[in-house]
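Asker: Hey, dropping protein.pdb in here, PDB, C-alpha atoms, pLDDT in the B column:
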ATOM      1  CA  ARG C 384      -1.127  29.615 -98.119  1.00 92.00           C
ATOM      2  CA  THR C 385      -0.847  26.159 -96.534  1.00 94.00           C
ATOM      3  CA  ALA C 386      -4.454  26.328 -95.339  1.00 95.00           C
ATOM      4  CA  LEU C 387      -5.649  27.458 -98.761  1.00 95.00           C
ATOM      5  CA  GLY C 388      -3.645  24.705-100.422  1.00 95.00           C
ATOM      6  CA  LEU C 389      -5.201  22.121 -98.127  1.00 96.00           C
ATOM      7  CA  VAL C 390      -8.767  23.247 -98.855  1.00 95.00           C
ATOM      8  CA  GLU C 391      -8.014  23.286-102.586  1.00 94.00           C
ATOM      9  CA  VAL C 392      -6.847  19.678-102.359  1.00 94.00           C
ATOM     10  CA  THR C 393      -9.521  18.363 -99.970  1.00 96.00           C
ATOM     11  CA  GLU C 394     -12.428  20.492-101.277  1.00 95.00           C
ATOM     12  CA  PRO C 395     -14.803  21.041 -98.332  1.00 96.00           C
ATOM     13  CA  GLN C 396     -18.358  21.019 -99.681  1.00 96.00           C
ATOM     14  CA  PRO C 397     -21.492  22.919 -98.622  1.00 97.00           C
ATOM     15  CA  GLY C 398     -23.422  20.883 -96.063  1.00 96.00           C
ATOM     16  CA  GLU C 399     -20.598  18.398 -95.635  1.00 96.00           C
ATOM     17  CA  ARG C 400     -19.516  17.368 -92.130  1.00 97.00           C
ATOM     18  CA  GLY C 401     -15.883  18.150 -91.388  1.00 97.00           C
ATOM     19  CA  LEU C 402     -13.521  17.594 -88.470  1.00 98.00           C
ATOM     20  CA  VAL C 403     -10.475  19.796 -87.837  1.00 98.00           C
ATOM     21  CA  VAL C 404      -8.072  18.155 -85.366  1.00 97.00           C
ATOM     22  CA  GLY C 405      -5.863  20.793 -83.774  1.00 95.00           C
ATOM     23  CA  ALA C 406      -8.530  23.419 -84.443  1.00 96.00           C
ATOM     24  CA  ALA C 407      -6.934  26.148 -82.305  1.00 94.00           C
ATOM     25  CA  GLY C 408      -3.437  25.954 -83.763  1.00 91.00           C
ATOM     26  CA  GLY C 409      -2.124  28.459 -86.269  1.00 91.00           C
ATOM     27  CA  LEU C 410      -3.104  26.323 -89.270  1.00 94.00           C
ATOM     28  CA  GLY C 411      -6.116  24.658 -87.668  1.00 96.00           C
ATOM     29  CA  ILE C 412      -7.923  27.924 -86.899  1.00 97.00           C
ATOM     30  CA  LEU C 413      -7.528  28.967 -90.536  1.00 97.00           C
ATOM     31  CA  LEU C 414      -8.901  25.616 -91.707  1.00 97.00           C
ATOM     32  CA  VAL C 415     -11.920  26.045 -89.420  1.00 98.00           C
ATOM     33  CA  GLN C 416     -12.602  29.445 -90.972  1.00 97.00           C
ATOM     34  CA  LEU C 417     -12.104  28.332 -94.569  1.00 97.00           C
ATOM     35  CA  ALA C 418     -14.161  25.138 -94.294  1.00 97.00           C
ATOM     36  CA  HIS C 419     -16.950  27.066 -92.544  1.00 96.00           C
ATOM     37  CA  GLU C 420     -16.891  29.741 -95.240  1.00 95.00           C
ATOM     38  CA  MET C 421     -17.158  27.027 -97.891  1.00 95.00           C
ATOM     39  CA  GLY C 422     -20.373  25.836 -96.240  1.00 96.00           C
ATOM     40  CA  ALA C 423     -19.150  22.771 -94.358  1.00 97.00           C
ATOM     41  CA  HIS C 424     -20.488  21.931 -90.890  1.00 97.00           C
ATOM     42  CA  VAL C 425     -17.233  22.077 -88.913  1.00 97.00           C
ATOM     43  CA  VAL C 426     -16.398  20.216 -85.708  1.00 98.00           C
ATOM     44  CA  GLY C 427     -13.289  21.663 -84.096  1.00 98.00           C
ATOM     45  CA  ALA C 428     -11.226  19.291 -81.941  1.00 98.00           C
ATOM     46  CA  ALA C 429      -8.752  20.800 -79.494  1.00 96.00           C
ATOM     47  CA  ARG C 430      -7.552  20.517 -75.903  1.00 94.00           C
ATOM     48  CA  GLY C 431      -9.110  22.629 -73.154  1.00 94.00           C
ATOM     49  CA  GLU C 432     -11.888  25.196 -72.946  1.00 95.00           C
ATOM     50  CA  ARG C 433      -9.707  28.131 -74.001  1.00 93.00           C
ATOM     51  CA  LYS C 434      -8.867  26.465 -77.317  1.00 95.00           C
ATOM     52  CA  LEU C 435     -12.424  25.216 -77.826  1.00 97.00           C
ATOM     53  CA  ALA C 436     -13.753  28.744 -77.274  1.00 97.00           C
ATOM     54  CA  LEU C 437     -11.366  30.043 -79.933  1.00 96.00           C
ATOM     55  CA  ALA C 438     -12.547  27.416 -82.434  1.00 97.00           C
ATOM     56  CA  ARG C 439     -16.175  28.395 -81.722  1.00 97.00           C
ATOM     57  CA  LYS C 440     -15.361  32.082 -82.131  1.00 96.00           C
ATOM     58  CA  TYR C 441     -13.861  31.504 -85.565  1.00 96.00           C
ATOM     59  CA  GLY C 442     -16.596  29.360 -87.051  1.00 96.00           C
ATOM     60  CA  ALA C 443     -16.664  25.841 -85.604  1.00 97.00           C
ATOM     61  CA  ASP C 444     -20.282  24.715 -85.478  1.00 97.00           C
ATOM     62  CA  ALA C 445     -19.440  22.247 -82.702  1.00 98.00           C
ATOM     63  CA  VAL C 446     -16.353  21.538 -80.617  1.00 98.00           C
ATOM     64  CA  VAL C 447     -14.919  18.542 -78.809  1.00 98.00           C
ATOM     65  CA  ASP C 448     -12.073  18.208 -76.324  1.00 98.00           C
ATOM     66  CA  TYR C 449      -9.844  15.381 -77.549  1.00 97.00           C
ATOM     67  CA  VAL C 450      -8.494  14.802 -74.045  1.00 95.00           C
ATOM     68  CA  ARG C 451     -11.822  13.228 -73.072  1.00 95.00           C
ATOM     69  CA  PRO C 452     -11.764   9.445 -73.517  1.00 93.00           C
ATOM     70  CA  GLN C 453     -15.061   9.394 -75.436  1.00 95.00           C
ATOM     71  CA  TRP C 454     -14.234  12.234 -77.831  1.00 97.00           C
ATOM     72  CA  ILE C 455     -14.556  10.085 -80.941  1.00 96.00           C
ATOM     73  CA  LYS C 456     -18.066   9.010 -79.897  1.00 96.00           C
ATOM     74  CA  GLU C 457     -18.898  12.690 -79.436  1.00 97.00           C
ATOM     75  CA  VAL C 458     -17.633  13.432 -82.949  1.00 97.00           C
ATOM     76  CA  ALA C 459     -19.827  10.645 -84.314  1.00 95.00           C
ATOM     77  CA  ALA C 460     -22.870  12.116 -82.565  1.00 95.00           C
ATOM     78  CA  MET C 461     -22.030  15.622 -83.836  1.00 95.00           C
ATOM     79  CA  THR C 462     -21.794  14.326 -87.402  1.00 94.00           C
ATOM     80  CA  GLY C 463     -25.056  12.427 -87.550  1.00 91.00           C
ATOM     81  CA  GLY C 464     -23.607   9.067 -86.519  1.00 93.00           C
ATOM     82  CA  ALA C 465     -21.648   8.445 -89.720  1.00 92.00           C
ATOM     83  CA  GLY C 466     -18.550  10.470 -88.885  1.00 96.00           C
ATOM     84  CA  PRO C 467     -17.051  13.357 -90.829  1.00 98.00           C
ATOM     85  CA  GLU C 468     -16.794  13.165 -94.606  1.00 98.00           C
ATOM     86  CA  LEU C 469     -13.663  15.293 -94.366  1.00 98.00           C
ATOM     87  CA  THR C 470     -11.044  15.144 -91.615  1.00 98.00           C
ATOM     88  CA  LEU C 471      -8.199  17.660 -91.497  1.00 98.00           C
ATOM     89  CA  ASP C 472      -5.613  16.311 -89.054  1.00 97.00           C
ATOM     90  CA  GLY C 473      -2.981  18.731 -87.829  1.00 94.00           C
ATOM     91  CA  VAL C 474      -1.972  16.684 -84.772  1.00 94.00           C
ATOM     92  CA  GLY C 475      -1.041  13.186 -85.958  1.00 94.00           C
ATOM     93  CA  GLY C 476      -0.008  10.322 -83.674  1.00 94.00           C
ATOM     94  CA  PRO C 477      -2.734   8.422 -81.780  1.00 94.00           C
ATOM     95  CA  LEU C 478      -5.172  11.370 -81.993  1.00 95.00           C
ATOM     96  CA  GLY C 479      -4.801  11.467 -85.748  1.00 95.00           C
ATOM     97  CA  ARG C 480      -5.260   7.712 -85.954  1.00 96.00           C
ATOM     98  CA  ALA C 481      -8.462   7.943 -83.888  1.00 96.00           C
ATOM     99  CA  ALA C 482      -9.707  10.729 -86.172  1.00 97.00           C
ATOM    100  CA  PHE C 483      -8.995   8.538 -89.195  1.00 97.00           C
ATOM    101  CA  GLU C 484     -11.047   5.735 -87.629  1.00 95.00           C
ATOM    102  CA  ALA C 485     -13.899   8.214 -87.086  1.00 96.00           C
ATOM    103  CA  THR C 486     -13.879   9.375 -90.725  1.00 97.00           C
ATOM    104  CA  ALA C 487     -16.916   8.261 -92.719  1.00 97.00           C
ATOM    105  CA  ALA C 488     -16.528   5.505 -95.295  1.00 96.00           C
ATOM    106  CA  GLY C 489     -15.876   7.091 -98.667  1.00 97.00           C
ATOM    107  CA  GLY C 490     -14.531  10.237 -96.991  1.00 97.00           C
ATOM    108  CA  ARG C 491     -11.310  12.187 -97.202  1.00 98.00           C
ATOM    109  CA  PHE C 492      -8.508  12.423 -94.637  1.00 97.00           C
ATOM    110  CA  SER C 493      -5.667  14.941 -94.683  1.00 97.00           C
ATOM    111  CA  ALA C 494      -2.643  13.853 -92.623  1.00 95.00           C
ATOM    112  CA  HIS C 495      -0.750  17.154 -92.726  1.00 93.00           C
ATOM    113  CA  GLY C 496       0.325  17.595 -89.111  1.00 90.00           C
ATOM    114  CA  ALA C 497       2.604  15.864 -86.645  1.00 88.00           C
ATOM    115  CA  ALA C 498       2.314  17.983 -83.482  1.00 85.00           C
ATOM    116  CA  ALA C 499       2.115  14.702 -81.546  1.00 82.00           C
ATOM    117  CA  GLY C 500       5.612  13.810 -82.773  1.00 85.00           C
ATOM    118  CA  ARG C 501       4.663  11.857 -85.874  1.00 91.00           C
ATOM    119  CA  PHE C 502       1.977  11.695 -88.530  1.00 92.00           C
ATOM    120  CA  ALA C 503      -1.098   9.542 -87.970  1.00 92.00           C
ATOM    121  CA  PRO C 504      -0.154   5.904 -88.640  1.00 91.00           C
ATOM    122  CA  ILE C 505      -2.519   4.855 -91.414  1.00 93.00           C
ATOM    123  CA  ASP C 506      -2.325   1.538 -93.206  1.00 92.00           C
ATOM    124  CA  PRO C 507      -3.110   2.143 -96.902  1.00 93.00           C
ATOM    125  CA  ARG C 508      -5.100  -1.118 -96.910  1.00 95.00           C
ATOM    126  CA  ASP C 509      -7.406   0.259 -94.190  1.00 95.00           C
ATOM    127  CA  ALA C 510      -7.980   3.381 -96.241  1.00 96.00           C
ATOM    128  CA  GLU C 511      -8.625   1.378 -99.402  1.00 96.00           C
ATOM    129  CA  GLN C 512     -11.032  -0.975 -97.658  1.00 97.00           C
ATOM    130  CA  ARG C 513     -13.062   1.972 -96.321  1.00 97.00           C
ATOM    131  CA  ARG C 514     -12.679   3.950 -99.572  1.00 97.00           C
ATOM    132  CA  ILE C 515     -11.060   6.862 -97.713  1.00 97.00           C
ATOM    133  CA  THR C 516      -8.841   9.097 -99.809  1.00 97.00           C
ATOM    134  CA  VAL C 517      -5.758  10.031 -97.780  1.00 96.00           C
ATOM    135  CA  PHE C 518      -3.797  13.203 -98.507  1.00 95.00           C
ATOM    136  CA  GLY C 519      -0.303  13.527 -97.080  1.00 91.00           C
ATOM    137  CA  ILE C 520       1.987  16.444 -96.334  1.00 88.00           C
ATOM    138  CA  ASP C 521       3.359  16.163 -99.869  1.00 88.00           C
ATOM    139  CA  ARG C 522       0.142  17.812-101.098  1.00 87.00           C
ATOM    140  CA  VAL C 523       1.189  21.135 -99.577  1.00 87.00           C
ATOM    141  CA  GLN C 524       4.672  21.261-101.103  1.00 90.00           C
ATOM    142  CA  PHE C 525       3.995  24.056-103.583  1.00 92.00           C
ATOM    143  CA  THR C 526       5.724  25.120-106.749  1.00 93.00           C
ATOM    144  CA  PRO C 527       6.950  28.736-106.628  1.00 95.00           C
ATOM    145  CA  GLU C 528       4.036  29.719-108.884  1.00 96.00           C
ATOM    146  CA  ASP C 529       1.434  28.064-106.636  1.00 95.00           C
ATOM    147  CA  ALA C 530       3.065  29.533-103.544  1.00 95.00           C
ATOM    148  CA  ARG C 531       2.773  33.038-105.016  1.00 96.00           C
ATOM    149  CA  ARG C 532      -0.829  32.468-106.150  1.00 96.00           C
ATOM    150  CA  LEU C 533      -1.876  31.125-102.736  1.00 96.00           C
ATOM    151  CA  THR C 534      -0.067  33.913-100.898  1.00 95.00           C
ATOM    152  CA  VAL C 535      -1.865  36.595-102.931  1.00 97.00           C
ATOM    153  CA  ARG C 536      -5.199  34.861-102.348  1.00 95.00           C
ATOM    154  CA  ALA C 537      -4.514  34.537 -98.603  1.00 95.00           C
ATOM    155  CA  LEU C 538      -3.647  38.212 -98.308  1.00 95.00           C
ATOM    156  CA  ASP C 539      -6.791  39.141-100.258  1.00 96.00           C
ATOM    157  CA  LEU C 540      -8.972  37.039 -97.932  1.00 95.00           C
ATOM    158  CA  CYS C 541      -7.344  38.608 -94.867  1.00 94.00           C
ATOM    159  CA  ALA C 542      -7.721  42.134 -96.255  1.00 95.00           C
ATOM    160  CA  ALA C 543     -11.411  41.453 -96.931  1.00 95.00           C
ATOM    161  CA  GLY C 544     -11.875  40.193 -93.360  1.00 93.00           C
ATOM    162  CA  ARG C 545     -12.974  36.756 -94.549  1.00 92.00           C
ATOM    163  CA  VAL C 546     -10.047  34.967 -92.870  1.00 94.00           C
ATOM    164  CA  ASN C 547      -8.402  36.106 -89.657  1.00 93.00           C
ATOM    165  CA  PRO C 548      -5.062  34.665 -88.554  1.00 91.00           C
ATOM    166  CA  VAL C 549      -4.700  34.399 -84.785  1.00 91.00           C
ATOM    167  CA  ILE C 550      -1.391  35.527 -83.296  1.00 89.00           C
ATOM    168  CA  SER C 551      -1.312  34.746 -79.598  1.00 85.00           C
ATOM    169  CA  GLN C 552       2.222  35.709 -78.679  1.00 88.00           C
ATOM    170  CA  THR C 553       5.368  37.335 -79.965  1.00 90.00           C
ATOM    171  CA  PHE C 554       8.986  36.991 -78.877  1.00 91.00           C
ATOM    172  CA  PRO C 555      12.069  39.017 -79.717  1.00 93.00           C
ATOM    173  CA  LEU C 556      14.477  37.078 -81.920  1.00 94.00           C
ATOM    174  CA  ALA C 557      16.929  36.815 -79.020  1.00 92.00           C
ATOM    175  CA  HIS C 558      14.286  34.714 -77.194  1.00 91.00           C
ATOM    176  CA  ALA C 559      13.647  32.255 -80.011  1.00 92.00           C
ATOM    177  CA  ALA C 560      14.353  29.336 -77.667  1.00 93.00           C
ATOM    178  CA  ASP C 561      11.552  30.545 -75.372  1.00 89.00           C
ATOM    179  CA  ALA C 562       9.210  30.685 -78.361  1.00 88.00           C
ATOM    180  CA  HIS C 563      10.081  27.100 -79.290  1.00 87.00           C
ATOM    181  CA  ARG C 564       9.485  25.914 -75.723  1.00 88.00           C
ATOM    182  CA  ALA C 565       6.076  27.617 -75.709  1.00 83.00           C
ATOM    183  CA  ILE C 566       5.112  25.932 -78.983  1.00 81.00           C
ATOM    184  CA  GLU C 567       6.370  22.526 -77.824  1.00 81.00           C
ATOM    185  CA  SER C 568       4.295  22.802 -74.654  1.00 79.00           C
ATOM    186  CA  ARG C 569       1.188  22.814 -76.897  1.00 72.00           C
ATOM    187  CA  ALA C 570      -0.349  25.526 -74.719  1.00 70.00           C
ATOM    188  CA  VAL C 571      -0.167  28.089 -77.535  1.00 77.00           C
ATOM    189  CA  ILE C 572      -3.237  29.077 -79.496  1.00 83.00           C
ATOM    190  CA  GLY C 573      -2.838  30.374 -83.027  1.00 84.00           C
ATOM    191  CA  LYS C 574       0.582  31.463 -84.220  1.00 87.00           C
ATOM    192  CA  THR C 575       3.728  32.468 -82.390  1.00 88.00           C
ATOM    193  CA  LEU C 576       5.819  35.177 -84.039  1.00 90.00           C
ATOM    194  CA  LEU C 577       9.438  36.193 -83.690  1.00 92.00           C
ATOM    195  CA  GLU C 578      10.100  39.925 -83.916  1.00 92.00           C
ATOM    196  CA  VAL C 579      13.167  40.812 -85.944  1.00 89.00           C
TER     197      VAL C 579
END
Write out the structure in this file as structure tokens.

Answerer:
Amino acid sequence: RTALGLVEVTEPQPGERGLVVGAAGGLGILLVQLAHEMGAHVVGAARGERKLALARKYGADAVVDYVRPQWIKEVAAMTGGAGPELTLDGVGGPLGRAAFEATAAGGRFSAHGAAAGRFAPIDPRDAEQRRITVFGIDRVQFTPEDARRLTVRALDLCAAGRVNPVISQTFPLAHAADAHRAIESRAVIGKTLLEV
């Protein structure tokens, strides 16, 4: 439901260029699929070939490894030189800030993730000067009614095979600490589940 809520708020458009930062994470891979289904040209940004391959598999039209020093220049080239009109940032920190800088003037930027330890530091004056609409994590704090509506829609999309969550590993509840260490290592693709 978080992914659906984000695309409702940010409204990916057919033919629009989009960037998903953290494209192989549990939320990011869903955003890649949803934006692609809505007709956007999606660039998936992730770390390492395994994660990039996953983003490609699930609908990214192009991928970029954000460990490479020139990754933002690569994003610009992949988006026709102007940068993405829509950036969905699930990483935050310096990577998120770089993705904000790459976003096209007049575009939209969702700062919904802080996997790097904090959200992307964005000065509202910078956003205003470049006419970039910034959406924060507050936009995915749903009322109970919206949460139910989005959950039903998400389940319908999954049942129809239009969206496929990726679950890369499961842990028994007694090993929850191991699950947290795996997530914190940022080596995980997709979701990690605890079995109860």

Asker: Work out how far CA of Pro467 (chain C) is from CA of Gly490 (chain C), in Å to one decimal.

Answerer: 7.4 Å

Asker: Here is a test: counting all atoms listed in the file, which residue of C:Arg522, C:Arg400, C:His558, C:Arg545 is nearest to Leu413 (chain C)?

Answerer: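 Closest residue, counting all atoms listed in the file: C:Arg545.
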
Asker: Residues picked by the PyMOL selection byres ((chain C and resi 483) around 9) here, as a list in words?

Answerer: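 That selection, the PyMOL selection byres ((chain C and resi 483) around 9), comes back as Thr470, Asp472, Leu478, Gly479, Arg480, Ala481, Ala482, Glu484, Ala485, Thr486, Ala487, Phe492, Ala494, Ala503, Ile505, Ala510 and Ile515 of chain C.
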
Asker: List every protein, DNA or RNA residue that has at least one atom no more than 6 Å from (0.8, 16.1, -93.5) in the file's coordinates, counting only C-alpha atoms, and write the result as a list in words.

Answerer: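 Residues lying no farther than 6 Å from the given point: Ala494, His495, Gly496, Gly519 and Ile520 of chain C.
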
Asker: Could you tell me which residues the PyMOL selection byres ((chain C and resi 546) around 8) grabs in this file, written as a PyMOL selection string?

Answerer: chain C and resi 413+416-417+537+540-541+543-545+547-548

Asker: Got a sec to check which residues sit within 7 Å of (0.1, 21.9, -100.8), counting only C-alpha atoms, and write them as number ranges by chain?

Answerer: C: 385, 388-389, 521-525

Asker: Of the candidates C:Gly573, C:Gly476, C:Pro527, C:Pro507, which shows the shortest atom-to-atom distance to Val549 (chain C), using only C-alpha atoms?

Answerer: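 Nearest to Val549 (chain C): C:Gly573.
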
Asker: One number please: CA of Arg430 (chain C) to CA of Val447 (chain C), in Å, one decimal.

Answerer: 8.2 Å

Asker: Assuming the chain letters and numbering stay as they are in my file, what does the PyMOL selection byres ((chain C and resi 465) around 12) actually select? List them as a list in words.

Answerer: Glu399, Arg400, Gly401, Ile455, Lys456, Glu457, Val458, Ala459, Ala460, Met461, Thr462, Gly463, Gly464, Gly466, Pro467, Glu468, Leu469, Glu484, Ala485, Thr486, Ala487, Ala488, Gly489 and Gly490 of chain C

Asker: Could you write those residues out with C-alpha atoms, as a compact mmCIF listing (two decimals), keeping the file's coordinate frame?

Answerer:
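The resulting file, selection-v4.txt, is reproduced below:
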# COMPACT_ATOMS: atom_id res chain seq x y z
CA GLU C 399 -20.60 18.40 -95.64
CA ARG C 400 -19.52 17.37 -92.13
CA GLY C 401 -15.88 18.15 -91.39
CA ILE C 455 -14.56 10.09 -80.94
CA LYS C 456 -18.07 9.01 -79.90
CA GLU C 457 -18.90 12.69 -79.44
CA VAL C 458 -17.63 13.43 -82.95
CA ALA C 459 -19.83 10.64 -84.31
CA ALA C 460 -22.87 12.12 -82.56
CA MET C 461 -22.03 15.62 -83.84
CA THR C 462 -21.79 14.33 -87.40
CA GLY C 463 -25.06 12.43 -87.55
CA GLY C 464 -23.61 9.07 -86.52
CA GLY C 466 -18.55 10.47 -88.88
CA PRO C 467 -17.05 13.36 -90.83
CA GLU C 468 -16.79 13.16 -94.61
CA LEU C 469 -13.66 15.29 -94.37
CA GLU C 484 -11.05 5.74 -87.63
CA ALA C 485 -13.90 8.21 -87.09
CA THR C 486 -13.88 9.38 -90.72
CA ALA C 487 -16.92 8.26 -92.72
CA ALA C 488 -16.53 5.50 -95.30
CA GLY C 489 -15.88 7.09 -98.67
CA GLY C 490 -14.53 10.24 -96.99

Asker: Quick one: distance from CA of Asp444 (chain C) to CA of Gly500 (chain C) in Å, one decimal?

Answerer: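 CA of Gly500 (chain C) lies at a distance of 28.2 Å from CA of Asp444 (chain C).
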
Asker: Counting all atoms listed in the file, which residue out of C:Val474, C:Val535, C:Leu414, C:Val517 sits closest to Phe502 (chain C)?

Answerer: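 Ranking C:Val474, C:Val535, C:Leu414, C:Val517 by distance to Phe502 (chain C), first place goes to C:Val474.
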
Asker: List the neighbours of Arg536 (chain C) out to 9 Å using all atoms listed in the file; skip same-chain residues closer than 5 positions along the sequence, and give me the result as a ChimeraX atom specification.

Answerer: /C:384,387,531,541

Asker: How big is the axis-aligned box around the listed atoms of region 470-478 of chain C once 5 Å is added on each side, and where is its centre? Give both in Å to one decimal, as lines of an AutoDock Vina configuration file.

Answerer:
center_x = -5.5
center_y = 13.6
center_z = -86.7
size_x = 21.0
size_y = 20.3
size_z = 19.8

Asker: Nearest to Gly427 (chain C) among C:Val450, C:Val403, C:Gly408, C:Tyr441, with distances taken over only C-alpha atoms: which residue is it?

Answerer: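 Residue with the minimum atom-to-atom distance to Gly427 (chain C): C:Val403.
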
Asker: Considering only C-alpha atoms, can you say which of C:Leu471, C:Glu420, C:Ala559, C:Ala406 comes closest to Ala445 (chain C)?

Answerer: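 Closest candidate: C:Ala406.
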
Asker: Can you tell me which residues surround Val571 (chain C) at a distance of at most 9 Å, considering only C-alpha atoms, apart from same-chain residues fewer than 3 positions away, and format the answer as a VMD selection string?

Answerer: chain C and resid 407 to 409 434 551 to 552 565 to 568 574 to 575

Asker: Restricting the calculation to only C-alpha atoms: of C:Gly422, C:Gly398, C:Gly431, C:Gly473, which residue gets closest to Ala570 (chain C)?

Answerer: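 Counting only C-alpha atoms, the residue closest to Ala570 (chain C) is C:Gly431.
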